[in-house]
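J.: Pasting start-v3.cif here (mmCIF, N, CA and C atoms):
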```cif
data_upload
loop_
_atom_site.label_atom_id
_atom_site.label_comp_id
_atom_site.auth_asym_id
_atom_site.auth_seq_id
_atom_site.Cartn_x
_atom_site.Cartn_y
_atom_site.Cartn_z
N MET A 1 -87.84 8.23 68.51
CA MET A 1 -87.50 9.51 67.96
C MET A 1 -88.66 10.46 68.21
N LEU A 2 -88.33 11.68 68.65
CA LEU A 2 -89.34 12.70 68.90
C LEU A 2 -89.08 13.89 67.99
N LEU A 3 -90.14 14.46 67.47
CA LEU A 3 -90.03 15.64 66.61
C LEU A 3 -90.92 16.72 67.18
N GLU A 4 -90.33 17.86 67.47
CA GLU A 4 -91.09 19.01 67.98
C GLU A 4 -91.26 19.97 66.82
N ASP A 5 -92.51 20.32 66.50
CA ASP A 5 -92.75 21.16 65.32
C ASP A 5 -93.59 22.41 65.61
N LYS A 6 -93.64 22.85 66.84
CA LYS A 6 -94.46 24.02 67.20
C LYS A 6 -93.63 25.28 67.40
N SER A 7 -92.34 25.17 67.50
CA SER A 7 -91.48 26.30 67.84
C SER A 7 -91.14 27.16 66.64
N ALA A 8 -90.86 28.44 66.91
CA ALA A 8 -90.47 29.38 65.86
C ALA A 8 -88.96 29.63 65.88
N THR A 9 -88.29 29.29 66.99
CA THR A 9 -86.85 29.52 67.11
C THR A 9 -86.18 28.29 67.68
N THR A 10 -84.87 28.23 67.54
CA THR A 10 -84.12 27.11 68.11
C THR A 10 -84.24 27.11 69.63
N TRP A 11 -84.18 28.28 70.24
CA TRP A 11 -84.31 28.38 71.71
C TRP A 11 -85.65 27.80 72.16
N GLU A 12 -86.75 28.17 71.47
CA GLU A 12 -88.07 27.63 71.79
C GLU A 12 -88.11 26.12 71.57
N ASN A 13 -87.48 25.67 70.49
CA ASN A 13 -87.46 24.25 70.18
C ASN A 13 -86.84 23.46 71.32
N VAL A 14 -85.70 23.92 71.81
CA VAL A 14 -85.03 23.25 72.93
C VAL A 14 -85.91 23.32 74.18
N THR A 15 -86.45 24.49 74.47
CA THR A 15 -87.32 24.65 75.64
C THR A 15 -88.51 23.70 75.59
N ASN A 16 -89.12 23.58 74.42
CA ASN A 16 -90.33 22.76 74.29
C ASN A 16 -90.07 21.27 74.34
N VAL A 17 -88.87 20.82 74.02
CA VAL A 17 -88.61 19.38 74.08
C VAL A 17 -88.08 18.93 75.44
N ILE A 18 -87.66 19.85 76.27
CA ILE A 18 -87.11 19.46 77.58
C ILE A 18 -88.03 18.52 78.35
N PRO A 19 -89.34 18.79 78.44
CA PRO A 19 -90.20 17.84 79.17
C PRO A 19 -90.19 16.43 78.57
N LEU A 20 -89.94 16.33 77.27
CA LEU A 20 -89.91 15.03 76.61
C LEU A 20 -88.59 14.30 76.84
N LEU A 21 -87.58 15.01 77.30
CA LEU A 21 -86.24 14.44 77.45
C LEU A 21 -85.91 14.00 78.87
N GLU A 22 -86.74 14.34 79.81
CA GLU A 22 -86.44 14.09 81.22
C GLU A 22 -86.04 12.64 81.51
N ASP A 23 -86.71 11.68 80.88
CA ASP A 23 -86.50 10.27 81.24
C ASP A 23 -85.73 9.47 80.20
N VAL A 24 -85.10 10.14 79.25
CA VAL A 24 -84.35 9.40 78.23
C VAL A 24 -82.90 9.24 78.64
N ASP A 25 -82.27 8.19 78.13
CA ASP A 25 -80.87 7.92 78.45
C ASP A 25 -79.90 8.67 77.56
N ARG A 26 -80.29 8.83 76.27
CA ARG A 26 -79.41 9.49 75.31
C ARG A 26 -80.22 10.52 74.53
N ILE A 27 -79.57 11.63 74.20
CA ILE A 27 -80.21 12.69 73.43
C ILE A 27 -79.38 12.94 72.18
N LYS A 28 -80.02 12.83 71.02
CA LYS A 28 -79.39 13.16 69.75
C LYS A 28 -80.16 14.32 69.12
N ILE A 29 -79.44 15.31 68.67
CA ILE A 29 -80.05 16.41 67.95
C ILE A 29 -79.61 16.29 66.51
N ALA A 30 -80.54 15.95 65.64
CA ALA A 30 -80.24 15.75 64.23
C ALA A 30 -80.78 16.92 63.44
N SER A 31 -79.88 17.63 62.78
CA SER A 31 -80.26 18.80 62.01
C SER A 31 -79.11 19.20 61.11
N GLN A 32 -79.27 20.31 60.44
CA GLN A 32 -78.18 20.91 59.68
C GLN A 32 -77.07 21.21 60.70
N PRO A 33 -75.79 21.00 60.36
CA PRO A 33 -74.71 21.07 61.35
C PRO A 33 -74.68 22.32 62.23
N ALA A 34 -74.80 23.51 61.64
CA ALA A 34 -74.74 24.73 62.46
C ALA A 34 -75.95 24.82 63.39
N HIS A 35 -77.11 24.40 62.90
CA HIS A 35 -78.31 24.43 63.73
C HIS A 35 -78.21 23.43 64.87
N ALA A 36 -77.69 22.25 64.60
CA ALA A 36 -77.53 21.24 65.65
C ALA A 36 -76.54 21.72 66.71
N LEU A 37 -75.46 22.36 66.28
CA LEU A 37 -74.48 22.91 67.23
C LEU A 37 -75.14 23.95 68.13
N LYS A 38 -75.95 24.82 67.53
CA LYS A 38 -76.64 25.85 68.31
C LYS A 38 -77.62 25.20 69.29
N ALA A 39 -78.36 24.20 68.84
CA ALA A 39 -79.33 23.53 69.71
C ALA A 39 -78.63 22.85 70.88
N ARG A 40 -77.49 22.21 70.63
CA ARG A 40 -76.74 21.59 71.73
C ARG A 40 -76.25 22.65 72.73
N ALA A 41 -75.79 23.79 72.22
CA ALA A 41 -75.34 24.86 73.11
C ALA A 41 -76.51 25.39 73.94
N TYR A 42 -77.67 25.53 73.32
CA TYR A 42 -78.84 26.02 74.05
C TYR A 42 -79.29 25.01 75.11
N LEU A 43 -79.21 23.72 74.80
CA LEU A 43 -79.55 22.72 75.82
C LEU A 43 -78.58 22.82 76.98
N ARG A 44 -77.29 23.03 76.68
CA ARG A 44 -76.31 23.18 77.77
C ARG A 44 -76.64 24.39 78.63
N ARG A 45 -77.11 25.48 78.03
CA ARG A 45 -77.47 26.68 78.79
C ARG A 45 -78.72 26.44 79.65
N GLN A 46 -79.71 25.80 79.05
CA GLN A 46 -80.99 25.63 79.74
C GLN A 46 -80.99 24.50 80.75
N ARG A 47 -80.36 23.39 80.40
CA ARG A 47 -80.37 22.22 81.27
C ARG A 47 -79.06 21.45 81.16
N PRO A 48 -78.02 21.91 81.84
CA PRO A 48 -76.74 21.22 81.78
C PRO A 48 -76.84 19.74 82.17
N ASP A 49 -77.75 19.40 83.06
CA ASP A 49 -77.90 18.00 83.46
C ASP A 49 -78.36 17.14 82.29
N LEU A 50 -79.27 17.64 81.49
CA LEU A 50 -79.71 16.90 80.31
C LEU A 50 -78.64 16.91 79.22
N ALA A 51 -77.90 17.99 79.11
CA ALA A 51 -76.86 18.09 78.09
C ALA A 51 -75.79 17.02 78.27
N ARG A 52 -75.61 16.53 79.48
CA ARG A 52 -74.63 15.47 79.71
C ARG A 52 -75.05 14.16 79.02
N ARG A 53 -76.30 14.08 78.60
CA ARG A 53 -76.80 12.89 77.91
C ARG A 53 -76.70 12.99 76.39
N LEU A 54 -76.18 14.11 75.90
CA LEU A 54 -76.04 14.29 74.45
C LEU A 54 -75.07 13.27 73.86
N VAL A 55 -75.46 12.70 72.72
CA VAL A 55 -74.59 11.82 71.96
C VAL A 55 -74.57 12.31 70.52
N ARG A 56 -73.58 11.91 69.78
CA ARG A 56 -73.40 12.34 68.41
C ARG A 56 -74.55 11.88 67.51
N ALA A 57 -74.96 12.75 66.62
CA ALA A 57 -75.93 12.41 65.57
C ALA A 57 -75.26 12.69 64.23
N ASP A 58 -75.79 12.13 63.17
CA ASP A 58 -75.26 12.40 61.83
C ASP A 58 -75.79 13.75 61.36
N ASP A 59 -74.99 14.81 61.58
CA ASP A 59 -75.41 16.14 61.17
C ASP A 59 -75.31 16.33 59.67
N TYR A 60 -74.48 15.55 59.02
CA TYR A 60 -74.29 15.72 57.58
C TYR A 60 -74.43 14.40 56.87
N ARG A 61 -75.14 14.41 55.78
CA ARG A 61 -75.25 13.24 54.93
C ARG A 61 -74.83 13.66 53.53
N PRO A 62 -73.87 12.97 52.92
CA PRO A 62 -73.40 13.36 51.58
C PRO A 62 -74.55 13.52 50.58
N GLY A 63 -74.52 14.63 49.86
CA GLY A 63 -75.53 14.90 48.84
C GLY A 63 -76.78 15.58 49.34
N GLU A 64 -76.94 15.69 50.65
CA GLU A 64 -78.14 16.29 51.21
C GLU A 64 -78.06 17.81 51.12
N TRP A 65 -79.08 18.45 50.60
CA TRP A 65 -79.18 19.91 50.51
C TRP A 65 -78.02 20.51 49.71
N THR A 66 -77.51 19.79 48.75
CA THR A 66 -76.32 20.22 48.01
C THR A 66 -76.44 21.63 47.44
N ALA A 67 -77.56 21.96 46.83
CA ALA A 67 -77.71 23.25 46.17
C ALA A 67 -77.73 24.43 47.14
N VAL A 68 -78.28 24.24 48.32
CA VAL A 68 -78.40 25.36 49.26
C VAL A 68 -77.42 25.28 50.44
N LYS A 69 -76.63 24.22 50.49
CA LYS A 69 -75.72 24.03 51.63
C LYS A 69 -74.79 25.22 51.87
N PRO A 70 -74.19 25.83 50.84
CA PRO A 70 -73.32 26.98 51.11
C PRO A 70 -74.08 28.14 51.77
N LEU A 71 -75.29 28.41 51.33
CA LEU A 71 -76.08 29.48 51.94
C LEU A 71 -76.47 29.13 53.37
N LEU A 72 -76.88 27.89 53.59
CA LEU A 72 -77.22 27.45 54.95
C LEU A 72 -76.01 27.53 55.87
N ALA A 73 -74.84 27.18 55.36
CA ALA A 73 -73.62 27.24 56.16
C ALA A 73 -73.30 28.68 56.55
N LEU A 74 -73.39 29.59 55.60
CA LEU A 74 -73.13 31.00 55.91
C LEU A 74 -74.13 31.54 56.93
N TYR A 75 -75.40 31.24 56.72
CA TYR A 75 -76.42 31.69 57.66
C TYR A 75 -76.20 31.07 59.04
N GLY A 76 -75.88 29.79 59.06
CA GLY A 76 -75.62 29.12 60.33
C GLY A 76 -74.46 29.73 61.08
N LEU A 77 -73.37 30.02 60.37
CA LEU A 77 -72.22 30.66 61.01
C LEU A 77 -72.58 32.04 61.54
N TRP A 78 -73.39 32.77 60.79
CA TRP A 78 -73.81 34.11 61.23
C TRP A 78 -74.64 34.02 62.51
N THR A 79 -75.54 33.02 62.60
CA THR A 79 -76.38 32.89 63.80
C THR A 79 -75.59 32.38 65.01
N LEU A 80 -74.46 31.74 64.77
CA LEU A 80 -73.65 31.22 65.88
C LEU A 80 -72.77 32.29 66.52
N ARG A 81 -72.76 33.48 65.98
CA ARG A 81 -71.87 34.53 66.48
C ARG A 81 -72.13 34.86 67.94
N GLY A 82 -73.31 34.59 68.46
CA GLY A 82 -73.64 34.90 69.84
C GLY A 82 -73.19 33.85 70.85
N LEU A 83 -72.68 32.73 70.36
CA LEU A 83 -72.24 31.69 71.29
C LEU A 83 -70.90 32.05 71.91
N LYS A 84 -70.73 31.64 73.14
CA LYS A 84 -69.43 31.84 73.81
C LYS A 84 -68.44 30.86 73.20
N PRO A 85 -67.13 31.18 73.26
CA PRO A 85 -66.12 30.29 72.66
C PRO A 85 -66.22 28.85 73.15
N GLU A 86 -66.48 28.63 74.42
CA GLU A 86 -66.55 27.26 74.94
C GLU A 86 -67.79 26.52 74.45
N GLU A 87 -68.80 27.27 73.96
CA GLU A 87 -70.00 26.64 73.44
C GLU A 87 -69.86 26.28 71.96
N ARG A 88 -68.81 26.74 71.32
CA ARG A 88 -68.61 26.51 69.89
C ARG A 88 -67.97 25.16 69.59
N LYS A 89 -67.65 24.39 70.60
CA LYS A 89 -67.00 23.10 70.35
C LYS A 89 -68.00 22.11 69.76
N ALA A 90 -67.55 21.38 68.77
CA ALA A 90 -68.41 20.41 68.11
C ALA A 90 -68.47 19.11 68.90
N ALA A 91 -67.39 18.79 69.60
CA ALA A 91 -67.33 17.53 70.34
C ALA A 91 -68.25 17.59 71.54
N LEU A 92 -68.76 16.41 71.89
CA LEU A 92 -69.61 16.32 73.07
C LEU A 92 -68.75 15.91 74.18
#
```
Rewrite the structure from the file as structure tokens, please.
T.:
Amino acid sequence: MLLEDKSATTWENVTNVIPLLEDVDRIKIASQPAHALKARAYLRRQRPDLARRLVRADDYRPGEWTAVKPLLALYGLWTLRGLKPEERKAAL
């Protein structure tokens, strides 16, 4: 498992981990669901070849972030407004 903690944005996060992903067989992006969806879409934009290695991660765990989940969901949906319709698919 690799954790990148230097980025200020999701786009930077994806950009900064690309060198770490070159030789891996499977890529899982584990995060809050809307953020993970955005990160997968950004990987598809930046490196479609690596995006083909994406596999499902557990984006949601029951009881996790219960108090703030509605706010995070609204914010996540608002930030996803810039994605193209074909990038909004949850399935890999």
J.: List every residue of chain A that DSSP, applied to the backbone of this structure, assigns to alpha helix (DSSP H), and report them as a PyMOL selection string.
T.: chain A and resi 10-21+33-46+48-51+69-79
J.: Check the smallest atom-to-atom distance from each of A:Leu43, A:Leu72, A:Leu83, A:Leu50 to Glu22 (chain A) using all atoms listed in the file, then report the winner.
T.: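 Selected residue with least distance to Glu22 (chain A): A:Leu50.
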J.: From the set A:Leu21, A:Val14, A:Leu3, A:Ala8, which residue has the shortest atom-to-atom contact distance to Arg40 (chain A), counting all atoms listed in the file?
T.: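 Nearest candidate to Arg40 (chain A) out of A:Leu21, A:Val14, A:Leu3, A:Ala8: A:Val14.
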J.: Please provide the set of residues having any atom within 10 Å of Arg26 (chain A), restricted to only C-alpha atoms, with same-chain residues fewer than 4 positions apart removed, written as a PDB file with N, CA and C atoms, in the frame of the given file.
T.:
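Full text of selection-v7.pdb as output:
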```pdb
ATOM      1  N   LEU A  21     -87.580  15.010  77.300  1.00  0.00           N
ATOM      2  CA  LEU A  21     -86.240  14.440  77.450  1.00  0.00           C
ATOM      3  C   LEU A  21     -85.910  14.000  78.870  1.00  0.00           C
ATOM      4  N   LEU A  50     -79.270  17.640  81.490  1.00  0.00           N
ATOM      5  CA  LEU A  50     -79.710  16.900  80.310  1.00  0.00           C
ATOM      6  C   LEU A  50     -78.640  16.910  79.220  1.00  0.00           C
ATOM      7  N   ALA A  51     -77.900  17.990  79.110  1.00  0.00           N
ATOM      8  CA  ALA A  51     -76.860  18.090  78.090  1.00  0.00           C
ATOM      9  C   ALA A  51     -75.790  17.020  78.270  1.00  0.00           C
ATOM     10  N   ARG A  52     -75.610  16.530  79.480  1.00  0.00           N
ATOM     11  CA  ARG A  52     -74.630  15.470  79.710  1.00  0.00           C
ATOM     12  C   ARG A  52     -75.050  14.160  79.020  1.00  0.00           C
ATOM     13  N   ARG A  53     -76.300  14.080  78.600  1.00  0.00           N
ATOM     14  CA  ARG A  53     -76.800  12.890  77.910  1.00  0.00           C
ATOM     15  C   ARG A  53     -76.700  12.990  76.390  1.00  0.00           C
ATOM     16  N   LEU A  54     -76.180  14.110  75.900  1.00  0.00           N
ATOM     17  CA  LEU A  54     -76.040  14.290  74.450  1.00  0.00           C
ATOM     18  C   LEU A  54     -75.070  13.270  73.860  1.00  0.00           C
ATOM     19  N   VAL A  55     -75.460  12.700  72.720  1.00  0.00           N
ATOM     20  CA  VAL A  55     -74.590  11.820  71.960  1.00  0.00           C
ATOM     21  C   VAL A  55     -74.570  12.310  70.520  1.00  0.00           C
ATOM     22  N   ARG A  56     -73.580  11.910  69.780  1.00  0.00           N
ATOM     23  CA  ARG A  56     -73.400  12.340  68.410  1.00  0.00           C
ATOM     24  C   ARG A  56     -74.550  11.880  67.510  1.00  0.00           C
TER      25      ARG A  56
END
```
J.: Give as number ranges by chain the residues that the PyMOL selection byres (((chain A and resi 80 and name CA) around 12) and name CA) matches when applied to the coordinates above.
T.: A: 10, 33-42, 73-79, 81-85, 87-89
J.: Please indicate the distance in Å from CA of Ser31 (chain A) to atom N of Ala57 (chain A), rounded to one decimal place.
T.: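 Between CA of Ser31 (chain A) and atom N of Ala57 (chain A) the gap works out to 9.3 Å.
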J.: Interatomic distance between CA of Pro48 (chain A) and CA of Glu4 (chain A)?
T.: 20.0 Å
J.: How many Å separate atom N of Pro19 (chain A) from atom N of Gln46 (chain A)?
T.: 11.9 Å
J.: Which one of A:Asp5, A:Glu86, A:Asp58, A:Glu12 sits closest to Lys28 (chain A) if you count only N, CA and C atoms?
T.: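 Distance minimum relative to Lys28 (chain A) lands on A:Asp58.
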J.: Find the residue from A:Lys6, A:Met1, A:Trp11, A:Pro70 that sits nearest to Val24 (chain A); use only C-alpha atoms when measuring.
T.: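 Nearest candidate to Val24 (chain A) out of A:Lys6, A:Met1, A:Trp11, A:Pro70: A:Met1.
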